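Reviewing the structure listed below.
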Amino acid sequence: MGIFNPDSEFMMFISKVADYIIINLLCLVLSIPVVTAGAAMTAKFYVAMKMERGEEPQVVKAFFKSFKENFKQSTLIWLPALAISLIIVWDWYSILFGKTQSLFFWGKIIFLILTVLWWAFVYNIFPMIARFDISSKELLKGAMTFTFLNFPRMFLILLLTALSYVIEAWYMSWALAIWVLCTTVILYYATKMYVSEYRKIEERM
């Protein structure tokens, strides 16, 4: 079997990478209006988890299917989460550059830990919407529990995400290539984690 045969492992790998890039680009474009970002993130994980489970969906069609079906629930959760996140960003601006610069050291550490937990909690909401048909109350409880039980891996995902933006800002001429590489790797790692952990949850249901 030649390396460029459509059924070869190499070509299947390239095809999968291309699908991840398409998913991330769709998510990026549909997140531009900001209001739609929650539904876009849900759709991204919906397709990525299907791929990881070997279901081989039509990427674009499956993305917009999830975007439409989960738009209401995703948006109703995303908008309050966005508002709280903006308040946290403003608080950090005040701590670093404003009137609260004098906040004691351990106060900053505690606020940093709470910020990371919040970021991880919000991140975990949308894959859960993509996988489970549950009420928003159950969803928030599930995302919070998942965050605490899988915090080391969530911390790694968030750290890689933050570092990718720092590197992009440092090497602006390569920003797009760095973004494509980092988002692909992060989505692959996160998807494997979610599929594995959700399978355990489904076995107990």
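As shown in the structure tokens, the chain order sets the letters A, B, ...; within each chain, residues go from 1, and ligands are also counted from 1 in the order they appear.
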### Task
Extract, using only C-alpha atoms, all DNA, RNA and protein residues at most 10 Å from range 114-131 of chain A, discarding same-chain residues fewer than 6 positions from it, and format them as a PyMOL selection string.
chain A and resi 38-50+66-67+69-70+73-74+77-78+81-82+84-85+88-89+92+108+139-148+150-151+153-155+157-159+190-191+194-195+198
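As for CA of Cys27 in chain A and CA of Phe63 in chain A, they are spaced 8.9 Å apart.
Going from CA of Lys61 in chain A over to CA of Ser15 in chain A, you cover 16.4 Å.
The closest residue to Glu56 in chain A, picked from A:Leu86, A:Glu202, A:Met12, A:Ser94 and counting only C-alpha atoms, is A:Met12.
Interatomic distance, CA of Val35 in chain A to CA of Tyr165 in chain A: 21.6 Å.
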### Message
From a backbone DSSP assignment, name each residue in chain A labelled alpha helix (DSSP H), as JSON, numbers by chain.
### Response
{"A": [9, 10, 11, 12, 13, 14, 15, 16, 17, 18, 19, 20, 21, 22, 23, 24, 25, 26, 27, 28, 29, 30, 31, 37, 38, 39, 40, 41, 42, 43, 44, 45, 46, 47, 48, 49, 50, 51, 52, 59, 60, 61, 62, 63, 64, 65, 66, 67, 68, 69, 71, 72, 73, 74, 75, 76, 77, 78, 79, 80, 81, 82, 83, 84, 85, 86, 87, 88, 89, 90, 91, 92, 93, 94, 95, 96, 97, 105, 106, 107, 108, 109, 110, 111, 112, 113, 114, 115, 116, 117, 118, 119, 120, 121, 122, 123, 124, 125, 126, 127, 128, 129, 130, 131, 136, 137, 138, 139, 140, 141, 142, 143, 144, 145, 146, 147, 148, 149, 151, 152, 153, 154, 155, 156, 157, 158, 159, 160, 161, 162, 163, 164, 165, 166, 167, 168, 169, 170, 175, 176, 177, 178, 179, 180, 181, 182, 183, 184, 185, 186, 187, 188, 189, 190, 191, 192, 193, 194, 195, 196, 197, 198, 199, 200, 201, 202, 203, 204]}
